[in-house]
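Structure data follow from entry.cif (mmCIF, C-alpha atoms):
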```cif
data_entry
loop_
_atom_site.label_atom_id
_atom_site.label_comp_id
_atom_site.auth_asym_id
_atom_site.auth_seq_id
_atom_site.Cartn_x
_atom_site.Cartn_y
_atom_site.Cartn_z
CA MET G 299 -6.12 -12.78 -16.86
CA SER G 300 -4.05 -15.89 -17.40
CA GLU G 301 -0.56 -16.34 -15.99
CA THR G 302 1.82 -13.56 -16.96
CA VAL G 303 5.26 -14.32 -18.38
CA PHE G 304 8.25 -11.98 -18.12
CA ARG G 305 10.88 -12.50 -20.81
CA ARG G 306 13.43 -10.88 -23.08
CA ALA G 307 11.79 -9.45 -26.19
CA ASP G 308 12.60 -10.62 -29.69
CA ALA G 309 12.01 -9.06 -33.11
CA SER G 310 8.54 -10.61 -33.42
CA ASP G 311 7.44 -8.59 -30.35
CA LYS G 312 8.32 -5.22 -31.89
CA PRO G 313 4.90 -4.39 -33.45
CA GLU G 314 3.07 -5.00 -30.17
CA VAL G 315 5.67 -3.10 -28.15
CA LEU G 316 5.47 -0.11 -30.51
CA ALA G 317 1.66 -0.17 -30.31
CA LEU G 318 1.93 -0.24 -26.53
CA TYR G 319 4.29 2.75 -26.60
CA ARG G 320 1.90 4.68 -28.82
CA SER G 321 -1.07 3.85 -26.58
CA ALA G 322 0.67 5.54 -23.63
CA VAL G 323 1.11 8.90 -25.41
CA GLY G 324 -1.17 11.45 -23.81
CA ARG G 325 -1.69 9.60 -20.53
CA PRO G 326 -1.31 11.84 -17.48
CA GLY G 327 2.36 12.17 -16.56
CA CYS G 328 3.61 10.56 -19.77
CA THR G 329 6.34 12.61 -21.47
CA TRP G 330 6.32 10.51 -24.64
CA ASP G 331 5.17 11.74 -28.03
CA ASP G 332 4.71 10.37 -31.55
CA ALA G 333 8.50 10.40 -32.11
CA TYR G 334 9.55 8.84 -28.78
CA PRO G 335 10.00 6.00 -28.13
CA SER G 336 10.99 5.34 -31.71
CA GLU G 337 11.14 2.20 -33.80
CA ALA G 338 14.93 2.65 -33.96
CA LEU G 339 15.14 2.60 -30.14
CA ALA G 340 13.05 -0.58 -30.04
CA ASP G 341 15.27 -2.17 -32.70
CA GLY G 342 18.41 -1.24 -30.74
CA ASP G 343 17.00 -2.47 -27.43
CA ILE G 344 15.94 -5.79 -28.98
CA ALA G 345 19.28 -6.27 -30.78
CA ALA G 346 21.17 -5.59 -27.53
CA GLY G 347 18.92 -7.99 -25.58
CA LYS G 348 17.84 -5.12 -23.31
CA LEU G 349 14.10 -4.95 -23.98
CA TYR G 350 11.92 -7.08 -21.73
CA VAL G 351 8.20 -7.73 -22.01
CA LEU G 352 5.40 -8.93 -19.79
CA ALA G 353 2.99 -11.13 -21.71
CA ASP G 354 -0.47 -12.39 -20.82
CA GLY G 355 -1.97 -15.11 -22.97
CA GLY G 356 0.61 -14.48 -25.66
CA HIS G 357 -0.11 -10.73 -25.87
CA ILE G 358 2.39 -8.09 -24.78
CA ILE G 359 0.89 -6.09 -21.90
CA GLY G 360 4.04 -4.42 -20.61
CA ALA G 361 7.57 -3.49 -21.57
CA VAL G 362 10.72 -2.12 -19.96
CA SER G 363 14.17 -1.35 -21.36
CA VAL G 364 17.57 -1.41 -19.76
CA VAL G 365 19.41 1.52 -21.25
CA ARG G 366 22.69 0.49 -22.84
CA GLU G 367 24.60 3.67 -22.02
CA ASN G 368 24.67 5.28 -18.60
CA GLU G 369 23.57 8.71 -19.82
CA LEU G 370 22.28 9.51 -16.32
CA ASP G 371 25.74 9.17 -14.73
CA GLY G 372 26.11 12.93 -15.18
CA ILE G 373 23.46 13.51 -12.54
CA ASP G 374 25.30 14.08 -9.26
CA CYS G 375 22.83 12.52 -6.82
CA TRP G 376 23.43 8.77 -7.15
CA GLU G 377 24.64 6.69 -4.23
CA LEU G 378 26.15 4.21 -6.70
CA ARG G 379 27.27 4.80 -10.28
CA GLY G 380 29.34 3.16 -12.95
CA GLY G 381 29.55 -0.37 -14.29
CA SER G 382 27.46 -2.09 -11.62
CA CYS G 383 24.51 0.28 -12.16
CA ARG G 384 21.89 0.21 -14.88
CA GLU G 385 19.35 2.69 -16.12
CA ILE G 386 15.84 1.54 -16.80
CA ALA G 387 13.52 3.36 -19.15
CA ARG G 388 10.47 3.13 -21.38
CA ILE G 389 8.33 1.39 -18.78
CA VAL G 390 4.79 0.84 -19.95
CA ILE G 391 1.78 -1.29 -19.03
CA SER G 392 -1.33 -1.55 -21.17
CA ALA G 393 -4.11 0.74 -19.93
CA ALA G 394 -6.41 -2.31 -19.94
CA TYR G 395 -4.18 -3.85 -17.23
CA SER G 396 -3.55 -0.74 -15.12
CA GLY G 397 -4.29 -0.84 -11.42
CA ARG G 398 -3.24 -4.49 -11.07
CA ARG G 399 0.29 -3.74 -9.84
CA LEU G 400 1.77 -5.36 -12.94
CA SER G 401 4.39 -2.62 -13.30
CA ALA G 402 5.74 -3.65 -9.91
CA VAL G 403 5.65 -7.34 -10.87
CA MET G 404 7.49 -6.60 -14.11
CA LEU G 405 10.12 -4.46 -12.38
CA GLU G 406 10.71 -6.96 -9.58
CA GLN G 407 11.36 -9.63 -12.19
CA LEU G 408 13.72 -7.30 -14.03
CA PHE G 409 15.58 -6.62 -10.77
CA GLU G 410 16.15 -10.38 -10.38
CA VAL G 411 17.63 -10.56 -13.89
CA LEU G 412 19.87 -7.57 -13.20
CA ARG G 413 21.04 -8.92 -9.83
CA GLY G 414 22.02 -12.11 -11.64
CA GLU G 415 24.17 -10.00 -13.97
CA GLY G 416 25.96 -8.38 -11.01
CA CYS G 417 24.00 -5.14 -11.04
CA GLU G 418 24.00 -3.29 -7.71
CA SER G 419 21.54 -0.47 -8.42
CA VAL G 420 19.12 0.92 -10.97
CA HIS G 421 18.47 4.53 -11.90
CA ILE G 422 15.39 6.02 -13.47
CA LEU G 423 13.86 9.37 -14.33
CA VAL G 424 10.15 9.87 -13.65
CA SER G 425 7.92 12.79 -14.48
CA PRO G 426 6.83 14.65 -11.34
CA HIS G 427 3.30 14.47 -12.78
CA ASN G 428 3.32 10.68 -13.13
CA ILE G 429 1.84 9.99 -9.70
CA PRO G 430 1.04 6.28 -10.29
CA ALA G 431 4.63 5.55 -11.36
CA ARG G 432 6.04 7.49 -8.42
CA ARG G 433 3.87 5.47 -6.03
CA ILE G 434 5.06 2.20 -7.55
CA TYR G 435 8.72 3.24 -7.34
CA ASP G 436 8.21 4.32 -3.73
CA ARG G 437 6.67 0.93 -2.82
CA LEU G 438 9.58 -0.81 -4.56
CA GLY G 439 12.09 1.01 -2.36
CA PHE G 440 13.45 3.68 -4.68
CA THR G 441 15.06 6.77 -3.17
CA PHE G 442 13.90 10.00 -4.81
CA TYR G 443 16.36 12.81 -5.39
CA GLY G 444 16.01 16.27 -6.89
CA ARG G 445 14.39 17.44 -10.08
CA TYR G 446 16.41 17.58 -13.26
CA GLY G 447 15.71 19.02 -16.67
CA MET G 448 16.58 16.55 -19.42
CA PHE G 449 15.28 15.75 -22.88
CA GLY G 450 13.10 18.87 -22.82
CA HIS G 451 11.16 17.80 -19.70
CA GLU G 452 11.48 17.99 -15.94
CA PHE G 453 12.10 14.69 -14.14
CA ILE G 454 12.71 13.36 -10.66
CA ALA G 455 15.78 11.14 -10.40
CA ALA G 456 15.24 7.91 -8.48
CA GLU G 457 17.57 5.08 -7.49
CA LYS G 458 17.04 1.59 -6.09
CA ILE G 459 19.87 -0.32 -4.46
CA LEU G 460 19.47 -3.97 -5.42
#
```
Produce structure tokens that represent the structure in this file.
Amino acid sequence: MSETVFRRADASDKPEVLALYRSAVGRPGCTWDDAYPSEALADGDIAAGKLYVLADGGHIIGAVSVVRENELDGIDCWELRGGSCREIARIVISAAYSGRRLSAVMLEQLFEVLRGEGCESVHILVSPHNIPARRIYDRLGFTFYGRYGMFGHEFIAAEKIL
């Protein structure tokens, strides 16, 4: 593995990001399907400058989005909410790179970007069955709250104060 680069995605990254999304469908704990995440979501995230990628040797090996609307504000568990909080979603690392803690690397770099924008906390939903993701979030200092049914699945709400 060469040196990884974390950066904002652009339109030329979309095919690799979509392929990465599709490759995650069916992994244990993954709630995605052939319709989600969609090309339209990727287009919107890229246009808004809210899709970030982790690249290795010029190939996209990871992606994470900062959700543009705080649709999770309706959950009543958060310590912080509102304008200084962001939701993160659609986190994926290539299966070929799993087990190397690259999700944590990617998220820590995203947290630095968000801190620079004045963000005070991040919120995320994680499947209770996605044990690797839950372990990563725990190591990164997330607080786990109750289980919530959303988008046709059960999730655990988690928050990290930045």
Please write as a PyMOL selection string the list of polymer residues whose atoms come within 9 Å of (6.4, 2.9, -17.4), counting only C-alpha atoms and keeping to the coordinates of the file.
chain G and resi 322+328+360-362+387-391+401+424+431
Enumerate, as an mmCIF file with C-alpha atoms, in the coordinates of the input, the residues matched when the PyMOL selection byres ((chain G and resi 366-379) around 8) is run on the file above.
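That gives us selection.cif:
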```cif
data_model
loop_
_atom_site.group_PDB
_atom_site.id
_atom_site.type_symbol
_atom_site.label_atom_id
_atom_site.label_comp_id
_atom_site.auth_asym_id
_atom_site.auth_seq_id
_atom_site.Cartn_x
_atom_site.Cartn_y
_atom_site.Cartn_z
ATOM 1 C CA ASP G 343 17.000 -2.470 -27.430
ATOM 2 C CA ALA G 346 21.170 -5.590 -27.530
ATOM 3 C CA LYS G 348 17.840 -5.120 -23.310
ATOM 4 C CA VAL G 364 17.570 -1.410 -19.760
ATOM 5 C CA VAL G 365 19.410 1.520 -21.250
ATOM 6 C CA GLY G 380 29.340 3.160 -12.950
ATOM 7 C CA GLY G 381 29.550 -0.370 -14.290
ATOM 8 C CA SER G 382 27.460 -2.090 -11.620
ATOM 9 C CA CYS G 383 24.510 0.280 -12.160
ATOM 10 C CA ARG G 384 21.890 0.210 -14.880
ATOM 11 C CA GLU G 385 19.350 2.690 -16.120
ATOM 12 C CA GLU G 418 24.000 -3.290 -7.710
ATOM 13 C CA SER G 419 21.540 -0.470 -8.420
ATOM 14 C CA HIS G 421 18.470 4.530 -11.900
ATOM 15 C CA TYR G 443 16.360 12.810 -5.390
ATOM 16 C CA GLY G 444 16.010 16.270 -6.890
ATOM 17 C CA GLU G 457 17.570 5.080 -7.490
#
```
Using the chain letters and numbers from the file, which residues does the PyMOL selection byres ((chain G and resi 393-399) around 12) grab, as a ChimeraX atom specification?
/G:299,302,317-326,352-354,357-360,390-392,400-406,430-431,433-435,437-438
From the options G:Val315, G:Asp308, G:Ala456, G:Asp331, which residue's atoms come nearest to Ala345 of chain G, counting all atoms listed in the file?
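Among the listed residues, the smallest separation from Ala345 of chain G belongs to G:Asp308.
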May I ask for the distance between atom CA of Thr329 of chain G and atom CA of Met448 of chain G, given in Å to one decimal place?
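Result for atom CA of Thr329 of chain G versus atom CA of Met448 of chain G: 11.2 Å, one decimal.
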Smallest atom-to-atom distance to Gly347 of chain G: which of G:Arg306, G:Lys312, G:Arg445, G:Lys458, using only C-alpha atoms?
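Between G:Arg306, G:Lys312, G:Arg445, G:Lys458, the residue approaching Gly347 of chain G most closely is G:Arg306.
Of the residues under consideration (G:Leu460, G:Val351, G:Ala307, G:Ile422), G:Ile422 shows the shortest atom-to-atom contact distance to Tyr446 of chain G when counting all atoms listed in the file.
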What is the atom CA of Gly439 of chain G-atom CA of Glu301 of chain G distance in Å, reported with one decimal?
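If I compute the distance from atom CA of Gly439 of chain G to atom CA of Glu301 of chain G, I get 25.4 Å.
Among G:Glu415, G:Tyr334, G:Asp311, G:Val420, the residue with the shortest atom-to-atom distance to Leu349 of chain G, counting only C-alpha atoms, is G:Asp311.
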The distance between atom CA of Phe449 of chain G and atom CA of Ser336 of chain G is 14.3 Å
Once you add 4 Å to each side, what are the centre and edge lengths of the axis-aligned box holding all listed atoms of segment 334-352 of chain G? One decimal in Å, as lines of an AutoDock Vina configuration file, if you can.
```
center_x = 13.3
center_y = 0.0
center_z = -26.9
size_x = 23.8
size_y = 25.8
size_z = 22.2
```
For His427 of chain G, please output as a list in words all residues within 6 Å (counting all atoms listed in the file; exclusion window: fewer than 2 positions along the same chain).
Gly327, Ser425 and Ile429 of chain G
Keeping only C-alpha atoms, take the residues you just selected and write them out as a compact mmCIF listing (two decimals), in the coordinates of the input.
```txt
# COMPACT_ATOMS: atom_id res chain seq x y z
CA GLY G 327 2.36 12.17 -16.56
CA SER G 425 7.92 12.79 -14.48
CA ILE G 429 1.84 9.99 -9.70
```
From the options G:Leu316, G:Ile386, G:Ala340, G:Phe440, which residue's atoms come nearest to Leu412 of chain G, counting all atoms listed in the file?
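Using all atoms listed in the file, Leu412 of chain G sits closest to G:Ile386.
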Of the residues G:Trp330, G:Ile344, G:Leu408, G:Ala338, which is the one nearest to Ser310 of chain G, using all atoms listed in the file?
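Going through G:Trp330, G:Ile344, G:Leu408, G:Ala338 one by one, the smallest distance to Ser310 of chain G is for G:Ile344.
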Generate the coordinates of N, CA and C atoms for segment 424-437 of chain G; report them as an mmCIF file, in the coordinates of the input.
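This is the output file selection.cif:
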```
data_model
loop_
_atom_site.group_PDB
_atom_site.id
_atom_site.type_symbol
_atom_site.label_atom_id
_atom_site.label_comp_id
_atom_site.auth_asym_id
_atom_site.auth_seq_id
_atom_site.Cartn_x
_atom_site.Cartn_y
_atom_site.Cartn_z
ATOM 1 N N VAL G 424 11.615 9.939 -13.620
ATOM 2 C CA VAL G 424 10.150 9.870 -13.650
ATOM 3 C C VAL G 424 9.602 11.287 -13.664
ATOM 4 N N SER G 425 8.571 11.488 -14.438
ATOM 5 C CA SER G 425 7.920 12.790 -14.480
ATOM 6 C C SER G 425 7.304 13.092 -13.114
ATOM 7 N N PRO G 426 7.464 14.311 -12.618
ATOM 8 C CA PRO G 426 6.830 14.650 -11.340
ATOM 9 C C PRO G 426 5.311 14.532 -11.401
ATOM 10 N N HIS G 427 4.757 14.558 -12.605
ATOM 11 C CA HIS G 427 3.300 14.470 -12.780
ATOM 12 C C HIS G 427 2.804 13.036 -12.925
ATOM 13 N N ASN G 428 3.718 12.078 -12.990
ATOM 14 C CA ASN G 428 3.320 10.680 -13.130
ATOM 15 C C ASN G 428 3.178 10.056 -11.739
ATOM 16 N N ILE G 429 2.087 10.403 -11.084
ATOM 17 C CA ILE G 429 1.840 9.990 -9.700
ATOM 18 C C ILE G 429 1.771 8.470 -9.556
ATOM 19 N N PRO G 430 1.068 7.746 -10.449
ATOM 20 C CA PRO G 430 1.040 6.280 -10.290
ATOM 21 C C PRO G 430 2.430 5.651 -10.340
ATOM 22 N N ALA G 431 3.270 6.106 -11.259
ATOM 23 C CA ALA G 431 4.630 5.550 -11.360
ATOM 24 C C ALA G 431 5.429 5.886 -10.106
ATOM 25 N N ARG G 432 5.309 7.099 -9.620
ATOM 26 C CA ARG G 432 6.040 7.490 -8.420
ATOM 27 C C ARG G 432 5.624 6.640 -7.220
ATOM 28 N N ARG G 433 4.344 6.326 -7.123
ATOM 29 C CA ARG G 433 3.870 5.470 -6.030
ATOM 30 C C ARG G 433 4.454 4.071 -6.130
ATOM 31 N N ILE G 434 4.495 3.542 -7.342
ATOM 32 C CA ILE G 434 5.060 2.200 -7.550
ATOM 33 C C ILE G 434 6.533 2.200 -7.164
ATOM 34 N N TYR G 435 7.290 3.189 -7.636
ATOM 35 C CA TYR G 435 8.720 3.240 -7.340
ATOM 36 C C TYR G 435 8.947 3.395 -5.829
ATOM 37 N N ASP G 436 8.100 4.167 -5.169
ATOM 38 C CA ASP G 436 8.210 4.320 -3.730
ATOM 39 C C ASP G 436 7.992 2.974 -3.027
ATOM 40 N N ARG G 437 6.956 2.250 -3.421
ATOM 41 C CA ARG G 437 6.670 0.930 -2.820
ATOM 42 C C ARG G 437 7.803 -0.062 -3.084
#
```
